[in-house]
Amino acid sequence: MTGKLNLIYKKLYSRFGPQHWWPGKSAFEIMVGAILTQNTNWQNVEKAIDNLKRQKLLQPQKLRALPQERLAALIRPAGYYNVKARRLKYFLNFLFDFYGGKIEKMRRQQFRYLRRQLLAVNGIGAETADSILLYALKKPIFVIDAYTRRMLFRHGLAQEGVDYDTLQNLFMRNLKNKVQLFNEYHALLVKLGKDFCLKRQGRCDRCPLK
DNA sequence: GACCAGGCACATC
DNA sequence: GATGTGCATGGT
């Protein structure tokens, strides 16, 4: 397995090159994006983030002060906007309750502990927590998403329906424990998924991995 | 018009 | 503990 996962990475990287993830500037923007992109096309998320940026609201203090209804209206293009406005508020409560609204303070926390804290926030599941840890805080944790699952299943590396932690361990046991590798690998899987053969239905007859 | 998209919580059995 | 359902916009 070690060989297979590393080989897949090499193929993806040589084919697509570095992905420069996460597509967001500040750590806070990445965290907001991680919640907004839940089951949602990134293009729609960008519209929502642009709305927040235009109003200069993409800062912890500003978003915290913003009424949930106004937040919902601004993030409308990202879909599930009422749910996501509520989830962003829960996350902001967490950020201020435990870290005084300071991302830097959060970054200093030990990441396994931080992961448990994030998972306890309503609206933040394993993938969102790990995206925040890896991409916003540069912690060495591998993100599992729908594309990753499909890749593993379709290439016979895991069975369908295997739980998140098992798949995450699969990557983390078999790859070098490097933030940049975890970052690039997951980003490449999304690239493969969007542009090639990890759609929900249908297969790819010209899979770059073959 | 159908299908898809970088999930998650909650209800129900 | 497993399975089903609601949440919603915008692109292809």
# chains A, B, ... in the order shown; residues from 1 in each chain; ligands from 1

call {"tool": "residues_around", "arguments": {"residues": "DT5 in chain C", "least_positions_apart": "3", "cutoff": "12 Å", "atoms": "only C-alpha atoms (C1' of nucleotides)", "output": "MDAnalysis selection string"}}
result
chainID B and resid 8:12

call {"tool": "write_last_selection", "arguments": {"atoms": "N, CA and C atoms (P, O5', C5', C4', C3', O3' and C1' of nucleotides)", "output": "JSON list (two decimals), in the first residue's frame"}}
result
[["chain", "number", "residue", "atom", "x", "y", "z"],
["B", 8, "DC", "P", -17.86, 17.57, 7.57],
["B", 8, "DC", "O5'", -19.26, 17.71, 8.29],
["B", 8, "DC", "C5'", -19.82, 19.01, 8.51],
["B", 8, "DC", "C4'", -21.21, 18.86, 9.03],
["B", 8, "DC", "C3'", -21.34, 17.88, 10.20],
["B", 8, "DC", "O3'", -21.46, 18.62, 11.40],
["B", 8, "DC", "C1'", -23.16, 17.76, 8.63],
["B", 9, "DA", "P", -21.70, 17.93, 12.79],
["B", 9, "DA", "O5'", -23.30, 17.97, 12.91],
["B", 9, "DA", "C5'", -23.95, 19.22, 12.72],
["B", 9, "DA", "C4'", -25.46, 19.03, 12.81],
["B", 9, "DA", "C3'", -25.94, 18.29, 14.06],
["B", 9, "DA", "O3'", -27.08, 18.97, 14.54],
["B", 9, "DA", "C1'", -26.72, 17.17, 12.12],
["B", 10, "DC", "P", -27.72, 18.63, 15.95],
["B", 10, "DC", "O5'", -29.08, 17.89, 15.56],
["B", 10, "DC", "C5'", -29.92, 18.44, 14.55],
["B", 10, "DC", "C4'", -30.88, 17.38, 14.08],
["B", 10, "DC", "C3'", -31.44, 16.50, 15.21],
["B", 10, "DC", "O3'", -32.86, 16.54, 15.14],
["B", 10, "DC", "C1'", -30.73, 15.20, 13.38],
["B", 11, "DA", "P", -33.75, 15.91, 16.28],
["B", 11, "DA", "O5'", -34.68, 14.92, 15.44],
["B", 11, "DA", "C5'", -35.25, 15.36, 14.23],
["B", 11, "DA", "C4'", -35.86, 14.18, 13.47],
["B", 11, "DA", "C3'", -36.64, 13.23, 14.36],
["B", 11, "DA", "O3'", -37.85, 12.90, 13.71],
["B", 11, "DA", "C1'", -34.88, 12.05, 13.27],
["B", 12, "DT", "P", -39.00, 12.14, 14.45],
["B", 12, "DT", "O5'", -38.77, 10.64, 14.00],
["B", 12, "DT", "C5'", -38.60, 10.34, 12.62],
["B", 12, "DT", "C4'", -38.11, 8.91, 12.47],
["B", 12, "DT", "C3'", -38.72, 7.91, 13.46],
["B", 12, "DT", "O3'", -39.53, 7.01, 12.73],
["B", 12, "DT", "C1'", -36.39, 7.56, 13.14]]

call {"tool": "interface_residues", "arguments": {"of": "chain A", "to": "chain C", "cutoff": "6 Å", "atoms": "only C-alpha atoms (C1' of nucleotides)", "output": "list in words"}}
result
Pro77, Ala78, Gly79 and Tyr80 of chain A

call {"tool": "write_last_selection", "arguments": {"atoms": "C-alpha atoms", "output": "PDB file, in the first residue's frame"}}
result
ATOM      1  CA  PRO A  77     -24.741  32.054  -3.339  1.00  0.00           C
ATOM      2  CA  ALA A  78     -22.969  29.283  -1.417  1.00  0.00           C
ATOM      3  CA  GLY A  79     -26.250  27.472  -0.815  1.00  0.00           C
ATOM      4  CA  TYR A  80     -27.598  26.111   2.490  1.00  0.00           C
TER       5      TYR A  80
END

call {"tool": "select_by_dssp", "arguments": {"residues": "range 38-135 of chain A", "states": "alpha helix (DSSP H)", "output": "PyMOL selection string"}}
result
chain A and resi 42-54+60-65+68-74+81-99+103-107+111-119+126-131

call {"tool": "closest_atom_pairs", "arguments": {"of": "chain A", "to": "chain B", "cutoff": "10 Å", "atoms": "only C-alpha atoms (C1' of nucleotides)", "output": "tab-separated table"}}
result
residue	atom	partner	partner_atom	distance
A:Gly33	CA	B:DG6	C1'	9.9
A:Ala34	CA	B:DG6	C1'	8.2
A:Ile35	CA	B:DG7	C1'	8.8
A:Leu36	CA	B:DG7	C1'	9.8
A:Thr37	CA	B:DG6	C1'	6.3
A:Gln38	CA	B:DG7	C1'	4.7
A:Asn39	CA	B:DG7	C1'	5.2
A:Thr40	CA	B:DA5	C1'	4.5
A:Asn41	CA	B:DA5	C1'	4.3
A:Trp42	CA	B:DG6	C1'	7.4
A:Gln43	CA	B:DA5	C1'	9.5
A:Asn44	CA	B:DA5	C1'	9.4
A:Val83	CA	B:DC8	C1'	9.7
A:Arg87	CA	B:DC8	C1'	9.9
A:Asn122	CA	B:DA9	C1'	7.9
A:Gly123	CA	B:DC8	C1'	5.9
A:Ile124	CA	B:DC8	C1'	7.2
A:Gly125	CA	B:DC8	C1'	6.4
A:Ala126	CA	B:DG7	C1'	9.1
A:Glu127	CA	B:DG7	C1'	7.8
A:Thr128	CA	B:DG7	C1'	8.0
A:Ser131	CA	B:DG6	C1'	9.3
A:Val143	CA	B:DG6	C1'	9.7
A:Ile144	CA	B:DG6	C1'	9.4
A:Asp145	CA	B:DG6	C1'	6.5
A:Ala146	CA	B:DG6	C1'	7.6
A:Tyr147	CA	B:DG6	C1'	7.9
A:Thr148	CA	B:DG6	C1'	9.9
A:His186	CA	B:DG6	C1'	9.5
A:Ala187	CA	B:DG6	C1'	9.0
A:Leu189	CA	B:DG6	C1'	9.8
A:Val190	CA	B:DG6	C1'	6.8
A:Lys191	CA	B:DG6	C1'	9.9
A:Gly193	CA	B:DG6	C1'	9.6
A:Lys194	CA	B:DA5	C1'	9.3
A:Lys199	CA	B:DC4	C1'	8.0
A:Arg200	CA	B:DC4	C1'	7.7
A:Gln201	CA	B:DC4	C1'	9.4

call {"tool": "write_last_selection", "arguments": {"atoms": "C-alpha atoms", "output": "PDB file, in the first residue's frame"}}
result
ATOM      1  CA  GLY A  33     -14.258  28.830   3.113  1.00  0.00           C
ATOM      2  CA  ALA A  34     -13.958  25.401   4.690  1.00  0.00           C
ATOM      3  CA  ILE A  35     -17.410  25.774   6.214  1.00  0.00           C
ATOM      4  CA  LEU A  36     -18.968  27.385   3.144  1.00  0.00           C
ATOM      5  CA  THR A  37     -17.729  24.683   0.785  1.00  0.00           C
ATOM      6  CA  GLN A  38     -19.498  21.856   2.579  1.00  0.00           C
ATOM      7  CA  ASN A  39     -21.165  19.845  -0.189  1.00  0.00           C
ATOM      8  CA  THR A  40     -20.894  22.871  -2.448  1.00  0.00           C
ATOM      9  CA  ASN A  41     -19.145  23.901  -5.640  1.00  0.00           C
ATOM     10  CA  TRP A  42     -16.180  26.178  -4.961  1.00  0.00           C
ATOM     11  CA  GLN A  43     -17.344  28.716  -7.542  1.00  0.00           C
ATOM     12  CA  ASN A  44     -20.424  29.385  -5.458  1.00  0.00           C
ATOM     13  CA  VAL A  83     -27.442  26.414   7.924  1.00  0.00           C
ATOM     14  CA  ARG A  87     -22.438  27.160  11.556  1.00  0.00           C
ATOM     15  CA  ASN A 122     -21.804  22.076  15.877  1.00  0.00           C
ATOM     16  CA  GLY A 123     -21.450  22.190  12.096  1.00  0.00           C
ATOM     17  CA  ILE A 124     -17.796  21.171  11.990  1.00  0.00           C
ATOM     18  CA  GLY A 125     -17.239  17.545  11.075  1.00  0.00           C
ATOM     19  CA  ALA A 126     -14.055  15.639  10.368  1.00  0.00           C
ATOM     20  CA  GLU A 127     -13.392  17.027   6.906  1.00  0.00           C
ATOM     21  CA  THR A 128     -14.008  20.645   7.840  1.00  0.00           C
ATOM     22  CA  SER A 131      -9.228  21.340   6.290  1.00  0.00           C
ATOM     23  CA  VAL A 143      -8.054  15.553   4.633  1.00  0.00           C
ATOM     24  CA  ILE A 144     -10.500  12.922   3.394  1.00  0.00           C
ATOM     25  CA  ASP A 145     -13.286  14.065   1.121  1.00  0.00           C
ATOM     26  CA  ALA A 146     -15.747  12.581  -1.341  1.00  0.00           C
ATOM     27  CA  TYR A 147     -13.186  12.610  -4.153  1.00  0.00           C
ATOM     28  CA  THR A 148     -10.599  10.856  -2.010  1.00  0.00           C
ATOM     29  CA  HIS A 186      -5.471  16.280  -1.267  1.00  0.00           C
ATOM     30  CA  ALA A 187      -5.491  19.293  -3.587  1.00  0.00           C
ATOM     31  CA  LEU A 189      -7.186  14.595  -5.707  1.00  0.00           C
ATOM     32  CA  VAL A 190      -9.717  17.406  -5.929  1.00  0.00           C
ATOM     33  CA  LYS A 191      -8.164  18.542  -9.191  1.00  0.00           C
ATOM     34  CA  GLY A 193     -12.021  14.796  -9.259  1.00  0.00           C
ATOM     35  CA  LYS A 194     -13.223  18.058 -10.733  1.00  0.00           C
ATOM     36  CA  LYS A 199     -17.638  12.466 -10.494  1.00  0.00           C
ATOM     37  CA  ARG A 200     -20.414  10.771  -8.583  1.00  0.00           C
ATOM     38  CA  GLN A 201     -21.494   8.774 -11.571  1.00  0.00           C
TER      39      GLN A 201
END

call {"tool": "atom_distance", "arguments": {"atom1": "CA of Phe96 in chain A", "atom2": "CA of Gln61 in chain A"}}
result
8.9 Å

call {"tool": "residues_around", "arguments": {"residues": "Val121 in chain A", "least_positions_apart": "3", "cutoff": "7 Å", "atoms": "only C-alpha atoms (C1' of nucleotides)", "output": "PyMOL selection string"}}
result
chain A and resi 90-91+117-118+124

call {"tool": "atom_distance", "arguments": {"atom1": "CA of Gln168 in chain A", "atom2": "CA of Ala120 in chain A"}}
result
18.9 Å

call {"tool": "residues_around", "arguments": {"residues": "range 19-28 of chain A", "least_positions_apart": "5", "cutoff": "12 Å", "atoms": "only C-alpha atoms (C1' of nucleotides)", "output": "PyMOL selection string"}}
result
(chain A and resi 12-14+33-35+37+42-43+45-46+49-50+53+57-63+88+91-92+95+101-104+106-107+131-138+179-192) or (chain B and resi 6)

call {"tool": "atom_distance", "arguments": {"atom1": "CA of Asp195 in chain A", "atom2": "CA of Val32 in chain A"}}
result
24.4 Å

call {"tool": "decode", "arguments": {"residues": "chain C", "atoms": "C-alpha atoms (C1' of nucleotides)", "output": "PDB file, in the first residue's frame"}}
result
ATOM      1  C1'  DG C   1     -25.779   1.405  15.188  1.00  0.00           C
ATOM      2  C1'  DA C   2     -27.462   1.858  10.524  1.00  0.00           C
ATOM      3  C1'  DT C   3     -30.185   4.366   7.333  1.00  0.00           C
ATOM      4  C1'  DG C   4     -32.829   8.369   5.587  1.00  0.00           C
ATOM      5  C1'  DT C   5     -33.644  13.280   5.170  1.00  0.00           C
ATOM      6  C1'  DG C   6     -33.271  18.439   5.095  1.00  0.00           C
ATOM      7  C1'  DC C   7     -30.534  22.052   3.849  1.00  0.00           C
ATOM      8  C1'  DA C   8     -30.142  25.476  -1.536  1.00  0.00           C
ATOM      9  C1'  DT C   9     -27.508  27.931  -4.892  1.00  0.00           C
ATOM     10  C1'  DG C  10     -25.523  28.085  -9.541  1.00  0.00           C
ATOM     11  C1'  DG C  11     -22.947  25.701 -13.424  1.00  0.00           C
ATOM     12  C1'  DT C  12     -22.990  22.049 -17.060  1.00  0.00           C
TER      13       DT C  12
END
